[in-house]
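Chemist: What follows is data.cif; its format and atoms are mmCIF, C-alpha atoms (C1' of nucleotides).
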```
data_query
loop_
_atom_site.label_atom_id
_atom_site.label_comp_id
_atom_site.auth_asym_id
_atom_site.auth_seq_id
_atom_site.Cartn_x
_atom_site.Cartn_y
_atom_site.Cartn_z
CA MET M 7 109.97 121.20 111.08
CA THR M 8 106.27 121.08 111.81
CA ILE M 9 104.09 118.04 111.49
CA GLU M 10 102.55 119.74 108.45
CA ARG M 11 105.62 118.92 106.45
CA MET M 12 105.41 115.20 107.06
CA ASP M 13 103.32 112.69 105.18
CA VAL M 14 100.24 112.71 107.36
CA LYS M 15 96.59 111.93 107.03
CA ARG M 16 93.79 113.66 108.91
CA LEU M 17 90.98 111.45 110.08
CA HIS M 18 87.93 113.49 111.06
CA VAL M 19 86.51 111.38 113.85
CA ASP M 20 83.81 113.93 114.66
CA THR M 21 83.39 117.69 114.23
CA THR M 22 85.82 118.52 117.02
CA THR M 23 88.31 115.66 116.87
CA THR M 24 90.85 115.20 114.13
CA LEU M 25 93.28 112.33 114.38
CA ILE M 26 96.57 112.88 112.61
CA VAL M 27 98.25 109.66 111.59
CA MET M 28 101.23 108.79 109.45
CA GLU M 29 100.50 108.01 105.82
CA ASP M 30 101.72 104.81 104.28
CA GLU M 31 102.21 103.60 100.71
CA VAL M 32 98.69 102.22 100.56
CA ASP M 33 97.23 105.66 101.27
CA ARG M 34 99.15 106.88 98.22
CA LEU M 35 98.11 103.87 96.18
CA VAL M 36 94.44 104.35 97.01
CA ALA M 37 94.66 108.06 96.30
CA ALA M 38 96.11 107.32 92.86
CA TRP M 39 93.31 104.90 92.03
CA ARG M 40 90.63 107.31 93.19
CA ARG M 41 92.13 109.91 90.88
CA GLU M 42 92.40 107.58 87.88
CA ARG M 43 89.29 105.47 88.47
CA PRO M 44 86.83 107.63 90.44
CA ASP M 45 84.07 105.29 89.27
CA LEU M 46 85.44 102.32 91.25
CA ASP M 47 85.06 101.55 94.95
CA VAL M 48 88.61 100.74 95.97
CA GLU M 49 87.94 100.46 99.70
CA PRO M 50 88.96 96.78 99.84
CA LEU M 51 92.53 97.80 99.04
CA GLU M 52 92.71 99.70 102.34
CA VAL M 53 92.78 96.40 104.16
CA LEU M 54 94.09 93.78 101.78
CA SER M 55 96.87 95.74 100.10
CA ARG M 56 98.16 96.55 103.55
CA VAL M 57 98.15 92.89 104.42
CA SER M 58 100.17 92.02 101.32
CA ARG M 59 102.63 94.85 101.70
CA LEU M 60 103.16 94.21 105.38
CA ALA M 61 103.80 90.56 104.59
CA ARG M 62 106.48 91.61 102.10
CA HIS M 63 108.16 93.81 104.68
CA LEU M 64 108.01 90.96 107.19
CA ASP M 65 109.63 88.58 104.73
CA ARG M 66 112.55 90.92 104.32
CA ALA M 67 112.85 91.51 108.05
CA ARG M 68 112.74 87.79 108.75
CA ARG M 69 115.41 87.10 106.16
CA LEU M 70 117.67 89.50 108.05
CA ALA M 71 116.86 87.96 111.42
CA PHE M 72 117.56 84.46 110.17
CA ALA M 73 120.79 85.50 108.49
CA GLU M 74 122.24 86.10 111.95
CA HIS M 75 121.86 82.39 112.53
CA GLN M 76 123.03 81.40 109.02
CA LEU M 77 119.58 80.18 108.10
CA GLU M 78 117.48 80.87 105.02
CA PRO M 79 113.75 81.37 105.52
CA TRP M 80 112.97 78.07 103.83
CA GLU M 81 115.40 76.29 106.14
CA PHE M 82 113.65 77.80 109.12
CA ASP M 83 110.29 76.64 107.79
CA VAL M 84 111.39 73.03 107.48
CA LEU M 85 113.36 72.88 110.72
CA THR M 86 110.57 74.43 112.79
CA ALA M 87 107.96 72.14 111.28
CA LEU M 88 110.04 69.26 112.61
CA ARG M 89 110.64 71.04 115.91
CA ARG M 90 106.93 71.60 116.49
CA ALA M 91 106.21 67.95 115.84
CA GLY M 92 107.78 67.16 119.22
CA THR M 93 110.00 64.23 120.18
CA PRO M 94 111.49 62.49 118.28
CA TYR M 95 111.35 65.46 115.90
CA GLN M 96 110.67 63.53 112.75
CA LEU M 97 108.14 63.74 109.92
CA SER M 98 107.78 62.17 106.49
CA PRO M 99 108.57 64.29 103.43
CA GLY M 100 104.85 64.14 102.63
CA GLN M 101 103.91 65.66 105.99
CA LEU M 102 106.50 68.36 105.44
CA LEU M 103 104.94 69.14 102.03
CA THR M 104 101.54 69.80 103.48
CA GLN M 105 102.95 71.96 106.26
CA THR M 106 105.21 74.09 104.10
CA LEU M 107 103.03 74.24 100.97
CA VAL M 108 105.76 73.44 98.46
CA THR M 109 105.84 70.71 95.83
CA SER M 110 107.55 67.38 96.22
CA GLY M 111 110.44 68.25 93.91
CA THR M 112 111.20 71.27 96.01
CA MET M 113 111.02 69.33 99.26
CA THR M 114 113.43 66.66 98.02
CA ASN M 115 115.86 69.42 97.13
CA ARG M 116 115.44 71.09 100.52
CA ILE M 117 115.93 67.91 102.50
CA ASP M 118 119.06 67.16 100.44
CA ARG M 119 120.56 70.51 101.28
CA LEU M 120 119.59 70.43 104.96
CA ALA M 121 121.04 66.91 105.24
CA LYS M 122 124.27 68.08 103.61
CA LYS M 123 124.50 70.83 106.25
CA GLY M 124 123.94 68.27 108.99
CA LEU M 125 120.70 69.83 110.24
CA VAL M 126 118.45 66.88 109.40
CA GLU M 127 118.96 63.23 108.53
CA ARG M 128 117.00 60.79 106.39
CA LEU M 129 115.94 57.54 108.00
CA PRO M 130 114.06 54.64 106.42
CA ASP M 131 110.49 54.44 107.68
CA PRO M 132 110.34 51.15 109.61
CA SER M 133 106.65 50.70 108.86
CA ASP M 134 106.65 51.47 105.13
CA ARG M 135 109.55 50.56 102.92
CA ARG M 136 108.61 53.20 100.36
CA GLY M 137 108.79 55.84 103.01
CA VAL M 138 111.42 58.04 104.55
CA LEU M 139 111.48 59.89 107.84
CA VAL M 140 113.26 63.19 108.15
CA ARG M 141 114.67 63.76 111.62
CA LEU M 142 116.11 66.89 113.16
CA THR M 143 119.70 66.51 114.35
CA ALA M 144 120.80 68.01 117.66
CA GLU M 145 122.41 70.87 115.78
CA GLY M 146 119.29 71.35 113.69
CA GLN M 147 117.22 71.66 116.84
CA ASP M 148 119.62 74.19 118.38
CA ARG M 149 119.61 76.32 115.25
CA ALA M 150 115.83 76.22 114.98
CA ASP M 151 115.41 77.18 118.63
CA GLN M 152 117.86 80.05 118.41
CA ALA M 153 116.37 81.38 115.19
CA LEU M 154 112.88 81.28 116.64
CA ALA M 155 113.96 83.28 119.68
CA GLY M 156 115.57 85.86 117.39
CA LEU M 157 112.50 86.05 115.22
CA LEU M 158 110.24 86.63 118.21
CA ASP M 159 112.46 89.42 119.50
CA GLN M 160 112.28 91.13 116.14
CA GLU M 161 108.54 90.70 115.86
CA ARG M 162 108.02 92.10 119.32
CA ALA M 163 109.89 95.22 118.23
CA ILE M 164 107.67 95.64 115.18
CA LEU M 165 104.54 95.21 117.30
CA ALA M 166 105.68 97.76 119.87
CA GLU M 167 103.74 100.29 117.76
CA LEU M 168 100.55 98.85 119.21
CA SER M 169 99.21 98.46 122.72
CA ARG M 170 98.49 95.03 124.11
CA ALA M 171 94.78 95.61 123.59
CA GLN M 172 95.31 96.69 119.99
CA ARG M 173 97.37 93.60 119.28
CA GLY M 174 94.56 91.46 120.61
CA GLU M 175 92.03 93.27 118.48
CA LEU M 176 94.19 92.95 115.39
CA ALA M 177 94.72 89.25 115.95
CA ALA M 178 90.98 88.70 116.35
CA LEU M 179 90.12 90.62 113.19
CA LEU M 180 92.75 88.77 111.18
CA ARG M 181 91.50 85.47 112.52
CA GLN M 182 88.07 86.24 111.11
CA LEU M 183 89.60 86.67 107.68
CA THR M 184 91.90 83.66 107.75
CA ALA M 185 89.51 81.16 109.32
CA PRO M 186 87.48 80.61 106.12
CA PHE M 187 90.64 79.82 104.17
CA ASP M 188 91.96 77.49 106.86
CA ASN M 189 88.73 75.63 107.62
CA ILE M 190 87.01 75.40 104.25
CA PRO M 191 89.99 73.97 102.38
CA GLY M 192 90.63 76.17 99.36
CA MET T 18 76.41 68.21 114.53
CA THR T 19 76.87 70.62 117.40
CA ILE T 20 79.27 73.51 117.45
CA GLU T 21 81.30 71.47 119.94
CA ARG T 22 82.52 69.26 117.15
CA MET T 23 83.96 72.10 115.07
CA ASP T 24 87.34 73.71 115.48
CA VAL T 25 86.42 76.52 117.81
CA LYS T 26 88.12 78.67 120.38
CA ARG T 27 86.50 80.07 123.52
CA LEU T 28 87.47 83.62 124.42
CA HIS T 29 86.49 84.41 128.00
CA VAL T 30 85.70 88.08 127.74
CA ASP T 31 84.48 88.30 131.35
CA THR T 32 83.08 85.86 133.88
CA THR T 33 79.70 85.66 132.19
CA THR T 34 80.56 86.16 128.53
CA THR T 35 82.31 83.59 126.40
CA LEU T 36 82.86 84.32 122.74
CA ILE T 37 83.07 81.27 120.52
CA VAL T 38 85.08 81.89 117.35
CA MET T 39 86.42 79.70 114.61
CA GLU T 40 89.97 78.49 115.02
CA ASP T 41 92.51 79.01 112.29
CA GLU T 42 95.88 77.48 111.48
CA VAL T 43 97.70 80.07 113.56
CA ASP T 44 95.78 79.01 116.67
CA ARG T 45 97.07 75.50 116.06
CA LEU T 46 100.58 76.77 115.34
CA VAL T 47 100.68 78.81 118.53
CA ALA T 48 99.31 75.90 120.55
CA ALA T 49 102.07 73.67 119.19
CA TRP T 50 104.76 76.15 120.14
CA ARG T 51 103.34 76.62 123.64
CA ARG T 52 103.47 72.87 124.09
CA GLU T 53 107.02 72.50 122.76
CA ARG T 54 108.51 75.74 124.06
CA PRO T 55 106.51 76.75 127.14
CA ASP T 56 109.44 78.98 128.13
CA LEU T 57 108.95 81.32 125.15
CA ASP T 58 106.44 84.15 124.73
CA VAL T 59 105.03 83.46 121.29
CA GLU T 60 102.32 86.13 121.39
CA PRO T 61 103.80 88.04 118.42
CA LEU T 62 102.92 85.13 116.17
CA GLU T 63 99.23 85.72 116.86
CA VAL T 64 99.42 88.85 114.75
CA LEU T 65 102.32 88.48 112.37
CA SER T 66 101.91 84.85 111.37
CA ARG T 67 98.32 85.66 110.51
CA VAL T 68 99.49 88.51 108.33
CA SER T 69 101.88 86.25 106.44
CA ARG T 70 99.45 83.41 106.05
CA LEU T 71 96.62 85.66 104.96
CA ALA T 72 98.94 87.22 102.39
CA ARG T 73 99.68 83.76 101.02
CA HIS T 74 96.00 82.98 100.72
CA LEU T 75 95.44 86.31 99.01
CA ASP T 76 98.20 85.60 96.51
CA ARG T 77 96.54 82.38 95.51
CA ALA T 78 93.11 83.99 95.31
CA ARG T 79 94.46 86.83 93.19
CA ARG T 80 96.16 84.43 90.83
CA LEU T 81 92.79 82.81 90.24
CA ALA T 82 91.03 86.15 89.74
CA PHE T 83 93.62 87.32 87.24
CA ALA T 84 93.55 84.04 85.36
CA GLU T 85 90.00 84.89 84.27
CA HIS T 86 91.51 87.79 82.37
CA GLN T 87 94.53 85.82 81.12
CA LEU T 88 96.89 87.83 83.28
CA GLU T 89 99.66 86.72 85.61
CA PRO T 90 100.05 88.59 88.89
CA TRP T 91 103.31 90.14 87.73
CA GLU T 92 101.64 91.34 84.55
CA PHE T 93 98.93 92.99 86.61
CA ASP T 94 101.56 94.70 88.75
CA VAL T 95 103.31 96.25 85.80
CA LEU T 96 100.18 97.20 83.87
CA THR T 97 98.51 98.83 86.87
CA ALA T 98 101.65 100.77 87.76
CA LEU T 99 101.42 102.31 84.28
CA ARG T 100 97.66 102.74 84.59
CA ARG T 101 97.97 104.61 87.89
CA ALA T 102 100.53 106.96 86.38
CA GLY T 103 97.73 108.57 84.39
CA THR T 104 97.79 109.85 80.82
CA PRO T 105 99.79 109.11 78.76
CA TYR T 106 100.28 105.91 80.78
CA GLN T 107 104.02 105.71 80.42
CA LEU T 108 106.94 105.26 82.81
CA SER T 109 110.63 104.50 82.47
CA PRO T 110 111.84 100.99 83.32
CA GLY T 111 113.61 102.55 86.30
CA GLN T 112 110.38 103.99 87.66
CA LEU T 113 108.74 100.62 87.20
CA LEU T 114 111.55 99.00 89.18
CA THR T 115 110.99 101.15 92.21
CA GLN T 116 107.25 100.62 92.11
CA THR T 117 107.31 96.86 91.71
CA LEU T 118 110.42 96.11 93.80
CA VAL T 119 112.06 93.77 91.31
CA THR T 120 115.56 93.97 89.86
CA SER T 121 116.36 95.49 86.51
CA GLY T 122 117.03 92.15 84.84
CA THR T 123 113.61 90.95 85.85
CA MET T 124 111.97 94.13 84.60
CA THR T 125 113.64 93.89 81.19
CA ASN T 126 112.30 90.37 80.89
CA ARG T 127 108.81 91.44 81.95
CA ILE T 128 108.66 94.34 79.53
CA ASP T 129 109.83 92.04 76.73
CA ARG T 130 107.03 89.60 77.41
CA LEU T 131 104.35 92.26 77.82
CA ALA T 132 105.46 93.90 74.59
CA LYS T 133 105.29 90.56 72.79
CA LYS T 134 101.70 90.21 74.01
CA GLY T 135 100.92 93.71 72.74
CA LEU T 136 100.02 95.10 76.17
CA VAL T 137 102.85 97.66 76.34
CA GLU T 138 105.25 99.22 73.86
CA ARG T 139 108.78 100.53 74.21
CA LEU T 140 109.40 104.09 73.01
CA PRO T 141 112.68 106.01 72.95
CA ASP T 142 112.79 108.67 75.66
CA PRO T 143 112.90 112.00 73.74
CA SER T 144 114.76 113.73 76.57
CA ASP T 145 117.45 111.13 77.27
CA ARG T 146 118.85 108.99 74.52
CA ARG T 147 119.95 106.31 77.02
CA GLY T 148 116.43 105.94 78.21
CA VAL T 149 113.29 104.10 77.22
CA LEU T 150 109.67 104.79 78.01
CA VAL T 151 107.22 101.95 78.49
CA ARG T 152 103.71 102.85 77.41
CA LEU T 153 100.45 101.01 77.95
CA THR T 154 98.65 100.09 74.75
CA ALA T 155 94.88 100.50 74.46
CA GLU T 156 94.50 96.75 74.97
CA GLY T 157 96.84 96.85 77.92
CA GLN T 158 94.72 99.50 79.55
CA ASP T 159 91.51 97.54 78.98
CA ARG T 160 92.98 94.39 80.45
CA ALA T 161 94.33 96.24 83.48
CA ASP T 162 90.99 97.93 84.11
CA GLN T 163 89.03 94.70 83.80
CA ALA T 164 91.41 92.78 86.02
CA LEU T 165 91.28 95.48 88.68
CA ALA T 166 87.49 95.38 88.74
CA GLY T 167 87.60 91.59 89.09
CA LEU T 168 90.13 91.78 91.88
CA LEU T 169 88.05 94.29 93.81
CA ASP T 170 84.96 92.10 93.52
CA GLN T 171 86.87 89.18 94.91
CA GLU T 172 88.39 91.19 97.74
CA ARG T 173 84.98 92.54 98.70
CA ALA T 174 83.76 88.97 99.06
CA ILE T 175 86.66 88.09 101.34
CA LEU T 176 86.05 91.17 103.49
CA ALA T 177 82.34 90.45 103.82
CA GLU T 178 83.31 88.60 107.02
CA LEU T 179 83.75 91.99 108.67
CA SER T 180 81.47 94.94 109.26
CA ARG T 181 82.28 98.29 107.75
CA ALA T 182 83.48 99.53 111.15
CA GLN T 183 85.70 96.50 111.63
CA ARG T 184 87.26 97.00 108.20
CA GLY T 185 88.07 100.58 109.14
CA GLU T 186 89.58 99.48 112.42
CA LEU T 187 91.64 96.81 110.72
CA ALA T 188 92.93 99.23 108.10
CA ALA T 189 93.94 101.72 110.80
CA LEU T 190 95.77 99.10 112.87
CA LEU T 191 97.61 97.79 109.81
CA ARG T 192 98.56 101.32 108.82
CA GLN T 193 100.28 101.76 112.18
CA LEU T 194 102.40 98.71 111.47
CA THR T 195 103.25 99.52 107.86
CA ALA T 196 103.92 103.22 108.21
CA PRO T 197 107.37 102.77 109.81
CA PHE T 198 108.47 100.56 106.92
CA ASP T 199 107.09 102.92 104.31
CA ASN T 200 108.33 106.19 105.79
CA ILE T 201 111.68 105.25 107.33
CA PRO T 202 113.06 103.60 104.22
CA GLY T 203 114.21 100.07 105.16
"C1'" DT Q 25 96.83 34.70 94.83
"C1'" DC Q 26 96.71 38.06 91.32
"C1'" DC Q 27 96.46 42.43 89.35
"C1'" DA Q 28 94.85 47.20 89.10
"C1'" DT Q 29 94.99 51.26 91.72
"C1'" DT Q 30 96.91 54.34 94.90
"C1'" DT Q 31 100.63 56.34 97.48
"C1'" DA Q 32 105.52 57.82 98.53
"C1'" DG Q 33 109.46 60.00 97.24
"C1'" DC Q 34 112.70 61.18 93.57
"C1'" DT Q 35 114.42 62.86 88.79
"C1'" DC Q 36 114.56 66.10 85.29
"C1'" DG Q 37 113.48 69.93 82.08
"C1'" DA Q 38 111.45 74.50 81.79
"C1'" DC Q 39 111.20 78.91 83.62
"C1'" DA Q 40 111.35 83.25 86.45
"C1'" DT Q 41 114.15 85.58 89.49
"C1'" DC Q 42 118.31 87.75 91.20
"C1'" DA Q 43 123.01 89.72 91.31
"C1'" DA Q 44 126.82 91.35 88.95
"C1'" DG Q 45 128.51 93.68 85.41
"C1'" DA Q 46 128.84 95.56 80.47
"C1'" DG Q 47 127.70 99.14 77.17
"C1'" DA Q 48 125.73 103.46 75.91
"C1'" DC Q 49 124.84 107.93 77.17
"C1'" DT Q 50 124.62 112.13 80.26
"C1'" DT Q 51 126.33 115.33 83.65
"C1'" DG Q 52 129.43 118.36 85.83
"C1'" DA Q 53 133.96 119.94 87.02
"C1'" DT Q 54 138.08 121.78 85.23
"C1'" DA Z 7 136.68 120.79 74.99
"C1'" DT Z 8 137.74 116.98 77.80
"C1'" DC Z 9 137.38 113.49 81.04
"C1'" DA Z 10 135.82 111.18 85.20
"C1'" DA Z 11 131.89 109.78 87.52
"C1'" DG Z 12 127.19 108.71 87.51
"C1'" DT Z 13 122.89 106.86 85.38
"C1'" DC Z 14 119.99 103.85 82.66
"C1'" DT Z 15 118.99 99.62 80.49
"C1'" DC Z 16 120.15 95.16 78.97
"C1'" DT Z 17 122.91 90.70 79.18
"C1'" DT Z 18 124.67 86.77 81.45
"C1'" DG Z 19 125.13 82.92 84.65
"C1'" DA Z 20 123.65 80.74 88.91
"C1'" DT Z 21 119.87 79.38 91.73
"C1'" DG Z 22 115.42 77.75 93.40
"C1'" DT Z 23 110.85 76.44 92.27
"C1'" DC Z 24 107.33 74.03 89.80
"C1'" DG Z 25 105.15 70.24 87.50
"C1'" DA Z 26 105.09 66.07 84.81
"C1'" DG Z 27 106.49 61.69 84.94
"C1'" DC Z 28 109.11 57.63 87.02
"C1'" DT Z 29 110.00 53.61 90.12
"C1'" DA Z 30 109.06 51.01 94.16
"C1'" DA Z 31 105.95 49.59 97.55
"C1'" DA Z 32 101.42 49.18 99.77
"C1'" DT Z 33 96.47 48.34 99.34
"C1'" DG Z 34 92.20 46.10 98.27
"C1'" DG Z 35 88.83 43.65 95.53
"C1'" DA Z 36 87.91 39.51 92.65
#
```
Starting from the file, lay out its structure as structure tokens.
Modeler:
Amino acid sequence: MTIERMDVKRLHVDTTTTLIVMEDEVDRLVAAWRRERPDLDVEPLEVLSRVSRLARHLDRARRLAFAEHQLEPWEFDVLTALRRAGTPYQLSPGQLLTQTLVTSGTMTNRIDRLAKKGLVERLPDPSDRRGVLVRLTAEGQDRADQALAGLLDQERAILAELSRAQRGELAALLRQLTAPFDNIPG
Amino acid sequence: MTIERMDVKRLHVDTTTTLIVMEDEVDRLVAAWRRERPDLDVEPLEVLSRVSRLARHLDRARRLAFAEHQLEPWEFDVLTALRRAGTPYQLSPGQLLTQTLVTSGTMTNRIDRLAKKGLVERLPDPSDRRGVLVRLTAEGQDRADQALAGLLDQERAILAELSRAQRGELAALLRQLTAPFDNIPG
DNA sequence: TCCATTTAGCTCGACATCAAGAGACTTGAT
DNA sequence: ATCAAGTCTCTTGATGTCGAGCTAAATGGA
């Protein structure tokens, strides 16, 4: 089989250099739009559709990685938020809301289920009798630490496609796009 | 207010050049992990957490853009899949499944609701009496076209942070990461 | 001190999704 | 012709999320 029979894309860098790269679904998506809507400039899709699709693939991959540690992605999110908080590994439900971007009803449900599994425990907040503190148990911390290590291994494998320099470049470009969202609260 | 008081990050490119860039949430996330787990190499998060977070921001932004055309994101997905198919803008529910990556129960529900809104119609498949064809109505096509134009405007604004060359670079780097998922079916 | 306002976390009903499986029809082998 | 296996769509039941509203407690001004 020659490379001609694969899904490839030829990038004409200059008159003598042609880079042959693998096509992806977004190349096909963009090609379809250019055929159906030649009047529109669909260039933005080249970047942002790839971001969305890659995120979907990552979600699936992460779900698999976490499954090896009997954790759902949402469980990982909550446990690691507590883990990152540092000793004594406790946050209020309200702080967990803002970190995980879910609503309060959802967080109550999540804490209930994590407490039932013995990964977190609810404590009364000594300084505010309305309040509750959610604390990571020893087992919760172990599970979070193990799942994080597994996740990083998997992500390293995905990123092996790129050189160290390319990863740095990619991170910097993405930071330019995310910074406005993160700093000017949307 | 000086730049010192903002959330910034200093990248020491060489001994005489220091690039000052805006920090984002991932910088803070990575810093927290390095503090709590100095034993781990968390470099992969610099790229992949940014991808996931940016995708989340994009989802929210898209939801807003579509709302101006009274469309939900899922409605846009289905309508544009039909729109990209070209004349006569019809696909089977099965084809729609594979394009939108939802289950058949979900797709039945979506087609029901779109049909009730008059944006698509169900037709019997003339070549297979088990089958159904879903066809875009004239109004469905208009709404899809308008929503796409709105989406592209919004995405262009987000990408204005980058130069044309940077956008090309970013697209190429992302393609390298997505191609394995898209070509070696996961 | 009193009372209105704000804040914290929880409850509950509505809703979209998924997974499993049923029913209708087609395909291909004998 | 017949029948088993495969395909296509829809139905059903369980689950997780959201969002509105509730109660209890803290806050702050008159």
Chemist: Check every residue of chain M for an atom within 10 Å of chain Z, counting all atoms listed in the file, and provide those that qualify as an MDAnalysis selection string.
Modeler: chainID M and resid 108:113 115:116 134:137
Chemist: Write a file of the just-selected residues containing C-alpha atoms, as a compact mmCIF listing (two decimals), in the coordinates of the input.
Modeler:
```
# COMPACT_ATOMS: atom_id res chain seq x y z
CA VAL M 108 105.76 73.44 98.46
CA THR M 109 105.84 70.71 95.83
CA SER M 110 107.55 67.38 96.22
CA GLY M 111 110.44 68.25 93.91
CA THR M 112 111.20 71.27 96.01
CA MET M 113 111.02 69.33 99.26
CA ASN M 115 115.86 69.42 97.13
CA ARG M 116 115.44 71.09 100.52
CA ASP M 134 106.65 51.47 105.13
CA ARG M 135 109.55 50.56 102.92
CA ARG M 136 108.61 53.20 100.36
CA GLY M 137 108.79 55.84 103.01
```
Chemist: Under the rule of at most 9 Å, produce a per-residue listing of chain Q near chain M: chain, number, name, the closest pair of atoms, and the distance in Å, as CSV, using only C-alpha atoms (C1' of nucleotides).
Modeler:
```
residue,atom,partner,partner_atom,distance
Q:DA32,C1',M:Arg136,CA,5.9
Q:DG33,C1',M:Gly137,CA,7.1
Q:DC34,C1',M:Thr114,CA,7.1
Q:DT35,C1',M:Gly111,CA,8.4
```
Chemist: Just C-alpha atoms (C1' of nucleotides) for this one: save the residues we selected as a PDB file, keeping the file's coordinate frame.
Modeler:
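Result saved to result_10.pdb:
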```
ATOM      1  C1'  DA Q  32     105.520  57.820  98.530  1.00  0.00           C
ATOM      2  C1'  DG Q  33     109.460  60.000  97.240  1.00  0.00           C
ATOM      3  C1'  DC Q  34     112.700  61.180  93.570  1.00  0.00           C
ATOM      4  C1'  DT Q  35     114.420  62.860  88.790  1.00  0.00           C
TER       5       DT Q  35
END
```
Chemist: Write out as an MDAnalysis selection string each polymer residue whose atoms come within 12 Å of Glu74 (chain M), counting all atoms listed in the file; drop sequence neighbours fewer than 6 positions from it.
Modeler: chainID M and resid 67:68 149 152:157 160
Chemist: Per residue of chain M within 7 Å of chain T, what are the shortest atom pair and its distance in Å to one decimal, counting only C-alpha atoms, with rows by chain and residue number, as JSON lines?
Modeler:
```
{"residue": "M:Met28", "atom": "CA", "partner": "T:Ala196", "partner_atom": "CA", "distance": 6.3}
{"residue": "M:Glu29", "atom": "CA", "partner": "T:Ala196", "partner_atom": "CA", "distance": 6.4}
{"residue": "M:Asp30", "atom": "CA", "partner": "T:Ala196", "partner_atom": "CA", "distance": 4.8}
{"residue": "M:Glu31", "atom": "CA", "partner": "T:Asp199", "partner_atom": "CA", "distance": 6.1}
{"residue": "M:Ala38", "atom": "CA", "partner": "T:Arg101", "partner_atom": "CA", "distance": 6.0}
{"residue": "M:Trp39", "atom": "CA", "partner": "T:Arg101", "partner_atom": "CA", "distance": 6.2}
{"residue": "M:Glu42", "atom": "CA", "partner": "T:Arg101", "partner_atom": "CA", "distance": 6.3}
{"residue": "M:Val48", "atom": "CA", "partner": "T:Leu169", "partner_atom": "CA", "distance": 6.8}
{"residue": "M:Pro50", "atom": "CA", "partner": "T:Arg173", "partner_atom": "CA", "distance": 5.9}
{"residue": "M:Glu52", "atom": "CA", "partner": "T:Ala188", "partner_atom": "CA", "distance": 5.8}
{"residue": "M:Val53", "atom": "CA", "partner": "T:Ala188", "partner_atom": "CA", "distance": 4.9}
{"residue": "M:Arg56", "atom": "CA", "partner": "T:Leu191", "partner_atom": "CA", "distance": 6.4}
{"residue": "M:Val57", "atom": "CA", "partner": "T:Val68", "partner_atom": "CA", "distance": 6.0}
{"residue": "M:Ser58", "atom": "CA", "partner": "T:Ala72", "partner_atom": "CA", "distance": 5.1}
{"residue": "M:Leu60", "atom": "CA", "partner": "T:Thr195", "partner_atom": "CA", "distance": 5.9}
{"residue": "M:Ala61", "atom": "CA", "partner": "T:Ser69", "partner_atom": "CA", "distance": 5.1}
{"residue": "M:Arg90", "atom": "CA", "partner": "T:Ala49", "partner_atom": "CA", "distance": 5.9}
{"residue": "M:Gly92", "atom": "CA", "partner": "T:Glu53", "partner_atom": "CA", "distance": 6.5}
{"residue": "M:Leu158", "atom": "CA", "partner": "T:Pro61", "partner_atom": "CA", "distance": 6.6}
{"residue": "M:Glu161", "atom": "CA", "partner": "T:Pro61", "partner_atom": "CA", "distance": 6.0}
{"residue": "M:Arg162", "atom": "CA", "partner": "T:Pro61", "partner_atom": "CA", "distance": 5.9}
{"residue": "M:Glu167", "atom": "CA", "partner": "T:Leu194", "partner_atom": "CA", "distance": 6.6}
{"residue": "M:Arg173", "atom": "CA", "partner": "T:Val64", "partner_atom": "CA", "distance": 6.9}
{"residue": "M:Leu176", "atom": "CA", "partner": "T:Leu187", "partner_atom": "CA", "distance": 6.6}
{"residue": "M:Ala177", "atom": "CA", "partner": "T:Val64", "partner_atom": "CA", "distance": 4.9}
{"residue": "M:Leu179", "atom": "CA", "partner": "T:Leu187", "partner_atom": "CA", "distance": 6.8}
{"residue": "M:Leu180", "atom": "CA", "partner": "T:Arg67", "partner_atom": "CA", "distance": 6.4}
{"residue": "M:Arg181", "atom": "CA", "partner": "T:Asp41", "partner_atom": "CA", "distance": 6.5}
{"residue": "M:Gln182", "atom": "CA", "partner": "T:Glu178", "partner_atom": "CA", "distance": 6.7}
{"residue": "M:Leu183", "atom": "CA", "partner": "T:Glu178", "partner_atom": "CA", "distance": 6.6}
{"residue": "M:Thr184", "atom": "CA", "partner": "T:Leu71", "partner_atom": "CA", "distance": 5.8}
{"residue": "M:Ala185", "atom": "CA", "partner": "T:Asp41", "partner_atom": "CA", "distance": 4.7}
{"residue": "M:Asp188", "atom": "CA", "partner": "T:Asp41", "partner_atom": "CA", "distance": 5.7}
{"residue": "M:Asn189", "atom": "CA", "partner": "T:Asp41", "partner_atom": "CA", "distance": 6.9}
```
Chemist: So how far away is CA of Phe93 (chain T) from CA of Arg139 (chain T), in Å?
Modeler: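 It comes out at 17.5 Å.
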Chemist: Which value, in Å to one decimal, gives the distance between CA of Leu140 (chain T) and CA of Val95 (chain T)?
Modeler: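 Separating CA of Leu140 (chain T) from CA of Val95 (chain T) is a distance of 16.2 Å.
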Chemist: Please, what distance in Å, to one decimal, runs between C1' of DC36 (chain Q) and CA of Arg119 (chain M)?
Modeler: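 About the pair C1' of DC36 (chain Q) and CA of Arg119 (chain M): they are 17.6 Å apart.
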